[in-house]
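Asks: Here it is, the structure in full.
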Amino acid sequence: MTENNSPGLLQELHDLAEGRNKIAAELRKVIVGQDQVIDELLMALFANGHCLLIGVPGLAKTLLISTMAQILDLDFKRIQFTPDLMPSDIIGTEILEEDKSTGHRNFKFVQGPIFTNVLLADEINRTPPKTQAALLQAMQERVVSAGTQTMTLPPPFFVLATQNPIELEGTYPLPEAQLDRFMFMVQVTYPNEAEEVQIVSSTTTDHQPTVDCVLHGDDILRYQHVVRRVPVSDYVVEYAVRLARASRPDSADAPELVRQYVSWGAGPRASQFLVLGAKTMAALSGRETPSCEDVRRVAFPVLRHRITPNFRAEAEGIKPEALIQSLIEAVPEAQTAS
């Protein structure tokens with residue numbers, strides 16, 4: 001195990017699980033269904049990661065994100081990504097300011113919307129890579145560089161980007177370096193019939209649901225540290241690493257489907273997020289340590305944007321989910337725990 005359990009940690013895990021249930025209960029006052037989406041968002045939040053949400057318009061992606069920020073009493077800003085958006089529209093810019101009393105002129109940096117806790121990058125693939133790249137340093141290092149200044153972003157800092165999978169005209173695919181910054185790619189699907197009836201019934205009346213703040217920014221930071229302290233066995237870590245390595249077509253352990261249909265597999269960051277996601281899943285369930293099953297459960301959101309299908313896969317309609325499933329089936333757990 002990489003950490004030692006303690007009575008204090010067990011109590012904190014219990015508190016974290018309770019906090020997660022309170023957040024989910026408040027979200028369900030506004031959001032109907034989407035339980036898996038909510039679970040994956042909360043896992044990324046408490047793991048100090050970022051999320052890319054893929055879904056057609058009208059599935060309450062923006063409402064979900066803004067409501068979560070309200071429940072957590074976090075500062076929230078939304079950027080609508082468009083082809084003419086510039087990096088300075090995200091980071092901020094320097095302006096020349098004159099002191100009227102002395103006549104001296106000085107440059108003053110005006111912060112952009114990235115200086116927030118929860119940043120919604122709406123339709124992130126509608127802006128060119130030059131502007132998309134403005135998020136790279138912020139997402140990885142939680143700092144922003146402008147001119148000679150390097151400024152720290154207010155913690156917690158959480159980027160949630162949305163992408164429409166239907167419209168391709170006027171869009172710019174996210175570079176692999178940008179995609180790799182996202183801990184999870186979350187698929188937002190259509191509600192079932194009963195959920196859709198409930199959505200229509202509740203949103204076509206004069207009733208406006210209200211949500212309560214149940215946690216604050218300091219609580220989020222504390223629980224992020226709790227997740228990092230969750231012990232994980234070498235057995236589980238080694239399984240996560242083997243799973244990620246098997247996604248690379250030139251690996252000796254890659255299954256046949258990967259060799260045939262994958263151009264590039266997942267890098268080391270995927271292994272890190274598989275373990276961190278498993279630790280977070282265990283912590284949010286109030287469990288003391290993650291299992292290989294937890295790794296398998298987070299494999300889809302962690303790997304689906306890190307496995308690049310080749311032209312043959314696209315021609316034959318082989319989706320990343322099928323490739324990930326083949327990985328899970330092909331990579332066994334070790335015979336004995338370390």
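Each chain of the structure tokens is named A, B, ... in the order shown, its residues numbered from 1; ligands are numbered from 1 in display order.
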With only C-alpha atoms counted and 8 Å as the cut-off, give the residues of region 274-304 of chain A in contact with region 216-238 of chain A, each with its shortest interatomic distance in Å and the pair that gives it, as a tab-separated table.

Replies:
residue	atom	partner	partner_atom	distance
A:Val275	CA	A:Val237	CA	6.3
A:Leu276	CA	A:Arg228	CA	7.6
A:Lys279	CA	A:Val230	CA	6.3
A:Thr280	CA	A:Val227	CA	5.8
A:Ala283	CA	A:Val227	CA	6.4
A:Glu288	CA	A:Val230	CA	6.8
A:Thr289	CA	A:Pro231	CA	5.6
A:Pro290	CA	A:Val232	CA	6.2
A:Ser291	CA	A:Val236	CA	6.2
A:Cys292	CA	A:Val236	CA	5.5
A:Val295	CA	A:Val236	CA	7.8

Asks: Save the residues we just selected, C-alpha atoms, as a PDB file, in the first residue's frame?

Replies:
ATOM      1  CA  VAL A 275      -5.303   5.139 -10.343  1.00  0.00           C
ATOM      2  CA  LEU A 276      -6.494   8.571  -9.211  1.00  0.00           C
ATOM      3  CA  LYS A 279      -9.024   6.160  -5.558  1.00  0.00           C
ATOM      4  CA  THR A 280     -11.700   8.839  -5.936  1.00  0.00           C
ATOM      5  CA  ALA A 283     -13.367   7.490  -1.479  1.00  0.00           C
ATOM      6  CA  GLU A 288     -10.816   2.587   2.376  1.00  0.00           C
ATOM      7  CA  THR A 289      -8.953   1.509  -0.741  1.00  0.00           C
ATOM      8  CA  PRO A 290      -9.713   0.974  -4.446  1.00  0.00           C
ATOM      9  CA  SER A 291      -9.828  -2.347  -6.265  1.00  0.00           C
ATOM     10  CA  CYS A 292      -9.092  -3.381  -9.844  1.00  0.00           C
ATOM     11  CA  VAL A 295      -9.923   0.867 -12.309  1.00  0.00           C
TER      12      VAL A 295
END

Asks: Check region 170-277 of chain A with DSSP on the backbone and list each residue it calls alpha helix (DSSP H), as a PyMOL selection string.

Replies: chain A and resi 176-179+193-203+217-229+234-245+256-261+268-277

Asks: Can you work out the spacing between CA of Thr148 (chain A) and CA of Gln111 (chain A) in Å, to one decimal?

Replies: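 Computing the Euclidean distance for CA of Thr148 (chain A) and CA of Gln111 (chain A) yields 14.5 Å.
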
Asks: Please run DSSP on the backbone and report, as a short mmCIF file (atom, residue, chain, number, x, y, z; two decimals) with C-alpha atoms, in the first residue's frame, all residues within region 153-331 of chain A that come out as strand (DSSP E or B).

Replies:
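This went into selection-v9.cif:
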data_model
loop_
_atom_site.label_atom_id
_atom_site.label_comp_id
_atom_site.auth_asym_id
_atom_site.auth_seq_id
_atom_site.Cartn_x
_atom_site.Cartn_y
_atom_site.Cartn_z
CA PHE A 158 -11.87 23.20 -12.53
CA VAL A 159 -12.27 23.36 -16.35
CA LEU A 160 -15.39 21.84 -17.87
CA ALA A 161 -15.47 21.95 -21.66
CA THR A 162 -18.38 20.97 -23.88
CA GLN A 163 -18.32 19.67 -27.42
CA PHE A 184 -12.31 12.38 -18.13
CA MET A 185 -14.24 12.52 -21.36
CA VAL A 186 -17.87 12.28 -20.23
CA GLN A 187 -20.58 11.14 -22.62
CA VAL A 262 -5.33 1.86 -33.06
CA SER A 263 -2.84 4.45 -34.31
CA TRP A 264 -1.77 5.76 -30.90
CA THR A 308 -6.71 7.21 -31.44
CA PRO A 309 -8.46 4.84 -33.88
#

Asks: Can you work out the spacing between CA of Thr150 (chain A) and CA of Leu119 (chain A) in Å, to one decimal?

Replies: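 Answer for the CA of Thr150 (chain A) to CA of Leu119 (chain A) separation: 19.1 Å.
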
Asks: Using only C-alpha atoms, which of the listed residues (A:Lys130, A:Arg306, A:Lys29, A:Arg78) sits closest to Arg181 (chain A)?

Replies: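 Once distances to Arg181 (chain A) are computed over only C-alpha atoms, the minimum belongs to A:Arg306.
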
Asks: Write out as a list in words each polymer residue whose atoms come within 12 Å of Gln208 (chain A), counting only C-alpha atoms; drop sequence neighbours fewer than 5 positions from it.

Replies: Lys29, Val30, Ser202 and Thr203 of chain A

Asks: Let's have the selection written as a compact mmCIF listing (two decimals), in the first residue's frame, with N, CA and C atoms.

Replies:
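Done, and the output landed in again-v4.txt:
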# COMPACT_ATOMS: atom_id res chain seq x y z
N LYS A 29 -32.41 18.22 -7.71
CA LYS A 29 -33.54 19.15 -7.68
C LYS A 29 -33.72 19.84 -9.03
N VAL A 30 -32.62 19.93 -9.78
CA VAL A 30 -32.63 20.65 -11.05
C VAL A 30 -32.42 19.71 -12.24
N SER A 202 -41.57 19.42 -15.63
CA SER A 202 -41.02 20.33 -14.63
C SER A 202 -40.52 21.65 -15.21
N THR A 203 -40.20 21.67 -16.50
CA THR A 203 -39.64 22.90 -17.09
C THR A 203 -40.66 23.72 -17.86

Asks: Quick one: everything within 10 Å of Ala322 (chain A), counting only C-alpha atoms, minus sequence neighbours fewer than 4 positions away in the same chain. Send it as a PyMOL selection string.

Replies: chain A and resi 257-258+300+304+317-318+326-328

Asks: How would the residues just picked look written out with N, CA and C atoms as an mmCIF file, in the first residue's frame?

Replies:
data_model
loop_
_atom_site.group_PDB
_atom_site.id
_atom_site.type_symbol
_atom_site.label_atom_id
_atom_site.label_comp_id
_atom_site.auth_asym_id
_atom_site.auth_seq_id
_atom_site.Cartn_x
_atom_site.Cartn_y
_atom_site.Cartn_z
ATOM 1 N N LEU A 257 -7.302 -6.569 -31.389
ATOM 2 C CA LEU A 257 -8.150 -5.471 -31.846
ATOM 3 C C LEU A 257 -7.397 -4.140 -31.784
ATOM 4 N N VAL A 258 -6.571 -3.951 -30.750
ATOM 5 C CA VAL A 258 -5.773 -2.732 -30.638
ATOM 6 C C VAL A 258 -4.719 -2.683 -31.738
ATOM 7 N N PHE A 300 -13.305 3.759 -19.085
ATOM 8 C CA PHE A 300 -13.953 4.361 -20.253
ATOM 9 C C PHE A 300 -13.793 5.877 -20.282
ATOM 10 N N ARG A 304 -11.202 6.945 -23.383
ATOM 11 C CA ARG A 304 -11.899 7.102 -24.665
ATOM 12 C C ARG A 304 -11.345 8.257 -25.502
ATOM 13 N N GLY A 317 -16.248 1.359 -38.613
ATOM 14 C CA GLY A 317 -17.138 1.756 -37.528
ATOM 15 C C GLY A 317 -16.742 1.240 -36.166
ATOM 16 N N ILE A 318 -15.455 1.001 -35.952
ATOM 17 C CA ILE A 318 -14.971 0.531 -34.654
ATOM 18 C C ILE A 318 -14.797 1.747 -33.743
ATOM 19 N N SER A 326 -12.226 -4.319 -25.251
ATOM 20 C CA SER A 326 -11.294 -5.403 -25.594
ATOM 21 C C SER A 326 -10.074 -5.371 -24.693
ATOM 22 N N LEU A 327 -9.641 -4.174 -24.294
ATOM 23 C CA LEU A 327 -8.528 -4.050 -23.357
ATOM 24 C C LEU A 327 -8.878 -4.667 -22.009
ATOM 25 N N ILE A 328 -10.060 -4.323 -21.513
ATOM 26 C CA ILE A 328 -10.489 -4.830 -20.211
ATOM 27 C C ILE A 328 -10.566 -6.352 -20.224
#

Asks: Identify, on the basis of only C-alpha atoms, every residue whose closest approach to region 196-198 of chain A does not exceed 12 Å; exclude the query and any residue fewer than 4 positions from it along the same chain; express the result as number ranges by chain.

Replies: A: 28-34, 58-60, 189-192, 202-205

Asks: Any chance you could export the current selection's N, CA and C atoms as a PDB file, in the first residue's frame?

Replies:
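Listed below is the output, selection.pdb:
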ATOM      1  N   ARG A  28     -30.046  16.959  -8.116  1.00  0.00           N
ATOM      2  CA  ARG A  28     -31.242  16.284  -8.630  1.00  0.00           C
ATOM      3  C   ARG A  28     -32.501  17.131  -8.462  1.00  0.00           C
ATOM      4  N   LYS A  29     -32.415  18.219  -7.714  1.00  0.00           N
ATOM      5  CA  LYS A  29     -33.541  19.155  -7.678  1.00  0.00           C
ATOM      6  C   LYS A  29     -33.719  19.843  -9.027  1.00  0.00           C
ATOM      7  N   VAL A  30     -32.619  19.929  -9.780  1.00  0.00           N
ATOM      8  CA  VAL A  30     -32.626  20.652 -11.050  1.00  0.00           C
ATOM      9  C   VAL A  30     -32.422  19.715 -12.240  1.00  0.00           C
ATOM     10  N   ILE A  31     -31.546  18.736 -12.066  1.00  0.00           N
ATOM     11  CA  ILE A  31     -31.171  17.838 -13.165  1.00  0.00           C
ATOM     12  C   ILE A  31     -31.911  16.510 -13.016  1.00  0.00           C
ATOM     13  N   VAL A  32     -32.576  16.089 -14.074  1.00  0.00           N
ATOM     14  CA  VAL A  32     -33.292  14.819 -14.083  1.00  0.00           C
ATOM     15  C   VAL A  32     -32.413  13.767 -14.754  1.00  0.00           C
ATOM     16  N   GLY A  33     -32.215  12.632 -14.092  1.00  0.00           N
ATOM     17  CA  GLY A  33     -31.393  11.575 -14.660  1.00  0.00           C
ATOM     18  C   GLY A  33     -29.917  11.958 -14.667  1.00  0.00           C
ATOM     19  N   GLN A  34     -29.198  11.468 -15.683  1.00  0.00           N
ATOM     20  CA  GLN A  34     -27.764  11.750 -15.865  1.00  0.00           C
ATOM     21  C   GLN A  34     -26.948  11.370 -14.627  1.00  0.00           C
ATOM     22  N   GLY A  58     -28.996  20.752 -25.767  1.00  0.00           N
ATOM     23  CA  GLY A  58     -30.261  20.582 -25.071  1.00  0.00           C
ATOM     24  C   GLY A  58     -30.274  19.518 -24.003  1.00  0.00           C
ATOM     25  N   LEU A  59     -29.098  19.022 -23.590  1.00  0.00           N
ATOM     26  CA  LEU A  59     -29.047  17.969 -22.575  1.00  0.00           C
ATOM     27  C   LEU A  59     -28.646  18.512 -21.212  1.00  0.00           C
ATOM     28  N   ALA A  60     -28.759  19.815 -21.013  1.00  0.00           N
ATOM     29  CA  ALA A  60     -28.562  20.471 -19.711  1.00  0.00           C
ATOM     30  C   ALA A  60     -27.119  20.433 -19.226  1.00  0.00           C
ATOM     31  N   THR A 189     -25.730  11.534 -22.662  1.00  0.00           N
ATOM     32  CA  THR A 189     -26.651  10.888 -23.598  1.00  0.00           C
ATOM     33  C   THR A 189     -28.083  11.388 -23.389  1.00  0.00           C
ATOM     34  N   TYR A 190     -28.950  10.989 -24.312  1.00  0.00           N
ATOM     35  CA  TYR A 190     -30.362  11.343 -24.206  1.00  0.00           C
ATOM     36  C   TYR A 190     -30.985  10.716 -22.954  1.00  0.00           C
ATOM     37  N   PRO A 191     -31.950  11.402 -22.328  1.00  0.00           N
ATOM     38  CA  PRO A 191     -32.668  10.780 -21.205  1.00  0.00           C
ATOM     39  C   PRO A 191     -33.597   9.685 -21.725  1.00  0.00           C
ATOM     40  N   ASN A 192     -33.983   8.776 -20.809  1.00  0.00           N
ATOM     41  CA  ASN A 192     -34.976   7.779 -21.220  1.00  0.00           C
ATOM     42  C   ASN A 192     -36.361   8.427 -21.252  1.00  0.00           C
ATOM     43  N   SER A 202     -41.572  19.419 -15.632  1.00  0.00           N
ATOM     44  CA  SER A 202     -41.017  20.326 -14.628  1.00  0.00           C
ATOM     45  C   SER A 202     -40.523  21.645 -15.211  1.00  0.00           C
ATOM     46  N   THR A 203     -40.203  21.670 -16.496  1.00  0.00           N
ATOM     47  CA  THR A 203     -39.638  22.897 -17.090  1.00  0.00           C
ATOM     48  C   THR A 203     -40.657  23.722 -17.861  1.00  0.00           C
ATOM     49  N   THR A 204     -41.893  23.275 -17.906  1.00  0.00           N
ATOM     50  CA  THR A 204     -42.917  24.051 -18.621  1.00  0.00           C
ATOM     51  C   THR A 204     -43.944  24.638 -17.660  1.00  0.00           C
ATOM     52  N   THR A 205     -43.535  24.775 -16.402  1.00  0.00           N
ATOM     53  CA  THR A 205     -44.392  25.408 -15.402  1.00  0.00           C
ATOM     54  C   THR A 205     -43.679  26.654 -14.870  1.00  0.00           C
TER      55      THR A 205
END

Asks: CA of Asp122 (chain A) to CA of Leu27 (chain A): how many Å, to one decimal?

Replies: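 Between CA of Asp122 (chain A) and CA of Leu27 (chain A) the gap is 20.1 Å.
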
Asks: Nearest to Gly92 (chain A): which of A:Ala138, A:Val144, A:Leu72, A:Val214 is it, counting only C-alpha atoms?

Replies: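 That would be A:Val144, the residue with the smallest distance to Gly92 (chain A).
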
Asks: Using only C-alpha atoms, tabulate the residues of region 86-105 of chain A lying at most 12 Å from any atom of region 132-137 of chain A, each with its closest atom pair and that distance in Å to one decimal, by chain and increasing residue number, as JSON lines.

Replies:
{"residue": "A:Met86", "atom": "CA", "partner": "A:Ala134", "partner_atom": "CA", "distance": 8.8}
{"residue": "A:Pro87", "atom": "CA", "partner": "A:Ala134", "partner_atom": "CA", "distance": 5.5}
{"residue": "A:Ser88", "atom": "CA", "partner": "A:Ala134", "partner_atom": "CA", "distance": 8.4}
{"residue": "A:Asp89", "atom": "CA", "partner": "A:Ala134", "partner_atom": "CA", "distance": 9.6}
{"residue": "A:Ile90", "atom": "CA", "partner": "A:Ala134", "partner_atom": "CA", "distance": 7.2}
{"residue": "A:Ile91", "atom": "CA", "partner": "A:Ala134", "partner_atom": "CA", "distance": 7.1}
{"residue": "A:Gly92", "atom": "CA", "partner": "A:Ala134", "partner_atom": "CA", "distance": 10.5}

Asks: Determine the nearest neighbour of Ile71 (chain A) from the options A:Gly147, A:Asp212, A:Gly103, A:Ala24, counting only C-alpha atoms.

Replies: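 The closest residue to Ile71 (chain A) is A:Asp212.
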
Asks: A:Thr131, A:Ser201, A:Ser285, A:Gln325: which is nearest Asp15 (chain A), counting only C-alpha atoms?

Replies: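 Of the candidates, the smallest distance to Asp15 (chain A) is held by A:Ser285.
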